[in-house]
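Enquirer: The structure file target_2.txt (compact mmCIF, C-alpha atoms) is provided below.
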```txt
# COMPACT_ATOMS: atom_id res chain seq x y z
CA MET Q 1 0.00 0.00 0.00
CA ALA Q 2 1.43 3.37 -1.11
CA ARG Q 3 1.72 6.11 1.46
CA ARG Q 4 0.85 9.71 0.55
CA LEU Q 5 3.17 12.50 1.62
CA THR Q 6 1.38 15.46 3.17
CA LEU Q 7 2.58 18.69 4.69
CA PRO Q 8 2.32 18.79 8.45
CA ALA Q 9 -0.59 20.91 9.64
CA THR Q 10 1.70 23.40 11.40
CA LEU Q 11 3.77 24.11 8.29
CA PHE Q 12 0.62 24.43 6.22
CA SER Q 13 -0.91 26.92 8.66
CA ILE Q 14 2.30 28.98 8.69
CA LEU Q 15 2.23 29.23 4.90
CA LEU Q 16 -1.41 30.33 4.90
CA LEU Q 17 -1.14 32.82 7.75
CA ALA Q 18 2.11 34.50 6.65
CA PRO Q 19 1.60 38.16 5.78
CA ALA Q 20 2.26 39.44 2.26
CA SER Q 21 5.34 41.29 3.49
CA ALA Q 22 6.91 37.98 4.56
CA ALA Q 23 7.88 37.35 0.95
CA PHE Q 24 10.13 40.42 1.11
CA ALA Q 25 11.59 39.70 4.55
CA TRP Q 26 14.41 37.36 5.47
CA TRP Q 27 15.89 35.49 8.36
CA GLY Q 28 19.57 36.04 8.93
CA VAL Q 29 22.37 37.89 10.65
CA GLY Q 30 22.01 41.64 11.16
CA PHE Q 31 24.71 44.29 11.35
CA SER Q 32 25.08 43.74 15.09
CA GLY Q 33 25.88 40.06 14.54
CA THR Q 34 22.63 38.77 16.03
CA TRP Q 35 20.20 36.37 14.41
CA GLY Q 36 16.65 37.51 13.83
CA TRP Q 37 13.83 38.50 11.54
CA TYR Q 38 14.62 41.38 9.21
CA GLY Q 39 11.98 42.81 6.99
CA PRO Q 40 9.34 45.47 6.65
CA PRO Q 41 6.44 45.42 9.09
CA TYR Q 42 4.22 46.78 6.30
CA PRO Q 43 2.98 45.26 3.03
CA PRO Q 44 5.15 45.72 -0.05
CA PRO Q 45 4.45 48.79 -2.20
CA PRO Q 46 2.27 48.25 -5.26
CA TYR Q 47 4.15 48.44 -8.54
CA ALA Q 48 2.55 49.41 -11.80
CA TYR Q 49 4.17 49.35 -15.19
CA GLY Q 50 2.83 51.53 -17.97
CA TRP Q 51 3.87 52.56 -21.45
CA ALA Q 52 3.75 56.25 -22.22
CA VAL Q 53 5.36 58.39 -24.85
CA PRO Q 54 7.33 61.31 -23.37
CA GLU Q 55 5.97 64.80 -24.03
CA SER Q 56 8.23 66.02 -26.85
CA TRP Q 57 9.16 62.66 -28.38
CA ALA Q 58 7.66 60.24 -30.91
CA ALA Q 59 7.99 56.46 -31.04
CA ALA Q 60 8.67 54.48 -34.24
CA GLU Q 61 8.17 50.72 -34.34
CA MET Q 62 10.11 49.21 -37.26
CA HIS Q 63 9.30 45.98 -39.10
CA VAL Q 64 11.96 45.77 -41.79
CA HIS Q 65 13.17 42.86 -43.88
CA PRO Q 66 16.07 41.99 -43.57
CA ARG Q 67 15.87 42.41 -39.82
CA LYS Q 68 19.60 43.11 -39.48
CA ALA Q 69 19.39 46.26 -41.60
CA THR Q 70 21.27 49.20 -40.13
CA VAL Q 71 19.14 52.20 -39.15
CA LEU Q 72 20.64 55.68 -39.48
CA VAL Q 73 18.81 58.71 -38.07
CA ASP Q 74 19.92 61.98 -39.67
CA GLY Q 75 23.17 60.30 -40.73
CA HIS Q 76 24.00 58.86 -37.30
CA PRO Q 77 23.79 55.09 -36.64
CA ALA Q 78 20.97 54.19 -34.24
CA GLY Q 79 21.17 50.38 -34.32
CA ARG Q 80 19.64 47.53 -36.25
CA ALA Q 81 16.02 47.35 -37.37
CA ARG Q 82 15.37 44.33 -35.14
CA ASP Q 83 16.26 46.45 -32.08
CA PHE Q 84 13.17 48.60 -32.68
CA ASN Q 85 10.60 45.99 -33.71
CA SER Q 86 8.19 46.12 -30.78
CA ALA Q 87 6.10 48.63 -28.90
CA TYR Q 88 8.29 48.01 -25.83
CA SER Q 89 11.52 48.99 -27.57
CA PRO Q 90 10.68 51.60 -30.23
CA LEU Q 91 13.01 54.04 -31.93
CA TRP Q 92 12.56 57.32 -30.03
CA LEU Q 93 12.61 60.46 -32.18
CA LYS Q 94 12.50 64.07 -31.06
CA ALA Q 95 9.62 66.08 -32.48
CA GLY Q 96 10.60 67.50 -35.85
CA GLU Q 97 11.69 66.26 -39.27
CA HIS Q 98 14.12 63.34 -39.52
CA LEU Q 99 15.67 61.30 -42.32
CA LEU Q 100 15.82 57.57 -41.59
CA GLU Q 101 18.07 55.39 -43.75
CA LEU Q 102 17.82 51.62 -43.90
CA ARG Q 103 20.98 49.91 -45.19
CA TYR Q 104 22.01 46.30 -45.65
CA PRO Q 105 24.80 44.85 -47.85
CA GLY Q 106 23.43 43.68 -51.21
CA TYR Q 107 20.23 45.77 -50.88
CA MET Q 108 19.28 49.28 -52.01
CA VAL Q 109 19.34 52.08 -49.44
CA LEU Q 110 15.84 53.16 -48.45
CA ARG Q 111 15.47 56.74 -47.18
CA ILE Q 112 12.36 57.61 -45.21
CA ARG Q 113 11.49 61.18 -44.29
CA VAL Q 114 9.56 61.27 -41.02
CA ARG Q 115 7.91 64.40 -39.69
CA ALA Q 116 7.65 63.33 -36.05
CA ARG Q 117 4.85 64.93 -34.08
CA SER Q 118 4.97 65.18 -30.33
CA ARG Q 119 3.64 61.98 -28.70
CA ALA Q 120 2.95 60.32 -32.07
CA TYR Q 121 3.45 56.62 -32.76
CA TYR Q 122 4.71 55.33 -36.12
CA ASP Q 123 4.51 51.74 -37.36
CA LEU Q 124 7.06 51.44 -40.18
CA GLN Q 125 6.87 48.31 -42.34
CA TYR Q 126 9.31 48.06 -45.24
CA ARG Q 127 10.93 45.35 -47.33
CA LEU Q 128 14.31 46.30 -48.78
CA GLU Q 129 14.86 45.49 -52.48
CA GLU Q 130 18.00 43.72 -53.68
CA GLY Q 131 20.41 45.79 -55.73
CA SER Q 132 22.68 48.78 -55.27
CA GLY Q 133 22.14 52.52 -55.02
CA VAL Q 134 19.15 54.36 -53.62
CA ASP Q 135 15.71 52.76 -53.69
CA PRO Q 136 13.28 54.67 -55.99
CA ARG Q 137 10.59 54.43 -53.27
CA SER Q 138 12.66 56.81 -51.13
CA ALA Q 139 10.99 59.96 -52.49
CA LYS Q 140 7.49 58.65 -51.70
CA ALA Q 141 8.14 57.13 -48.27
CA THR Q 142 6.63 59.52 -45.73
CA PRO Q 143 4.61 57.64 -43.09
CA ALA Q 144 1.66 59.13 -41.24
CA GLY Q 145 1.77 58.97 -37.45
CA LYS Q 146 -0.93 57.79 -35.10
CA SER Q 147 -1.51 59.07 -31.63
CA ALA Q 148 0.15 57.16 -28.83
CA PRO Q 149 -1.64 54.06 -27.51
CA GLY Q 150 -4.19 54.95 -24.85
CA ARG Q 151 -4.27 58.63 -25.83
CA ARG Q 152 -7.23 60.30 -27.44
CA SER Q 153 -6.55 62.74 -30.23
```
Mind turning this structure into structure tokens?
Expert:
Amino acid sequence: MARRLTLPATLFSILLLAPASAAFAWWGVGFSGTWGWYGPPYPPPPYAYGWAVPESWAAAEMHVHPRKATVLVDGHPAGRARDFNSAYSPLWLKAGEHLLELRYPGYMVLRIRVRARSRAYYDLQYRLEEGSGVDPRSAKATPAGKSAPGRRS
């Protein structure tokens, strides 16, 4: 006959009756060298995470193929396109007009002129064409921005 393992009633009651702050407290040696309970006598502070666009900035989410394309903002390297492919890690642009360049070896350079509005959100989706030189779509590529998520316009 198999025997079931159960928690002793005392251990079970300690787990149920422990305050929420017990998860952030510890048992150990203090600065005076004595053993004891160290921790806050109050519940832990509530944490909230939110996504907001700063006041004078705009966010650009980039979905570019190939993903390893280099992104230049006004002639300065900003990173690779895959670094800015989600709403949690967008390319932050100051309000104003910017020239974005997408480069990858063996593909044409695509230049995108972005007029970034304050607190706007841009979703850029481009596929680079194979070849050399400047992509003919560069003159037409000016995306329209949306308002930031959760903000009424």
Enquirer: Choose the residue, out of Q:His98, Q:Trp57, Q:Val64, Q:Asp135, that has the smallest atom-to-atom separation from Asp83 in chain Q; count all atoms listed in the file.
Expert: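 Result for the nearest residue to Asp83 in chain Q: Q:Val64.
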Enquirer: Which value, in Å to one decimal, gives the distance between CA of Ser89 in chain Q and CA of Leu110 in chain Q?
Expert: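 Taking CA of Ser89 in chain Q as the start and CA of Leu110 in chain Q as the end point, the length is 21.7 Å.
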Enquirer: Could you tell me which of Q:Pro136, Q:Pro105, Q:Pro143, Q:Pro90 comes closest to Met62 in chain Q if we count all atoms listed in the file?
Expert: Q:Pro90
Enquirer: Pick out the closest residue to Arg137 in chain Q from this set: Q:Val114, Q:Ser86, Q:Ala120, Q:Met108. Count only C-alpha atoms.
Expert: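 Smallest distance to Arg137 in chain Q is found for Q:Met108.
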Enquirer: Which residues come within 9 Å of Arg82 in chain Q, counting all atoms listed in the file, excluding same-chain residues fewer than 3 positions away, as a list in words?
Expert: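 So the residues in contact are Met62, His63, Val64, Pro66, Arg67, Lys68, Ala69, Gly79, Asn85 and Ser86 of chain Q.
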Enquirer: To one decimal place, how far is CA of Ala139 in chain Q from CA of Arg119 in chain Q in Å?
Expert: 25.0 Å
Enquirer: State, in Å with one decimal place, the distance from CA of His76 in chain Q to CA of Glu55 in chain Q.
Expert: 23.2 Å
Enquirer: Using all atoms listed in the file, collect all residues at a distance of at most 12 Å from (16.3, 70.5, -39.3) as written in the file, then present them as JSON, numbers by chain.
Expert: {"Q": [74, 94, 95, 96, 97, 98, 99, 113, 114, 115, 116]}
Enquirer: May I have the residues within 6 Å of Val71 in chain Q as a PyMOL selection string, using all atoms listed in the file and disregarding those fewer than 5 positions away in the same chain?
Expert: chain Q and resi 78-80+101-102
Enquirer: Compare Q:Ala81, Q:His65, Q:Ala59, Q:Tyr88 by their minimum atom-to-atom distance to Glu129 in chain Q, counting all atoms listed in the file, and give me the closest one.
Expert: Q:His65
Enquirer: Taking into account all atoms listed in the file, which residue in the set Q:Thr70, Q:Phe84, Q:Gly75, Q:Tyr104 is nearest to Gln125 in chain Q?
Expert: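 Result for the nearest residue to Gln125 in chain Q: Q:Phe84.
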Enquirer: Compare Q:Val73, Q:Val134, Q:Leu100, Q:Leu93 by their minimum atom-to-atom distance to Arg117 in chain Q, counting only C-alpha atoms, and give me the closest one.
Expert: Q:Leu93
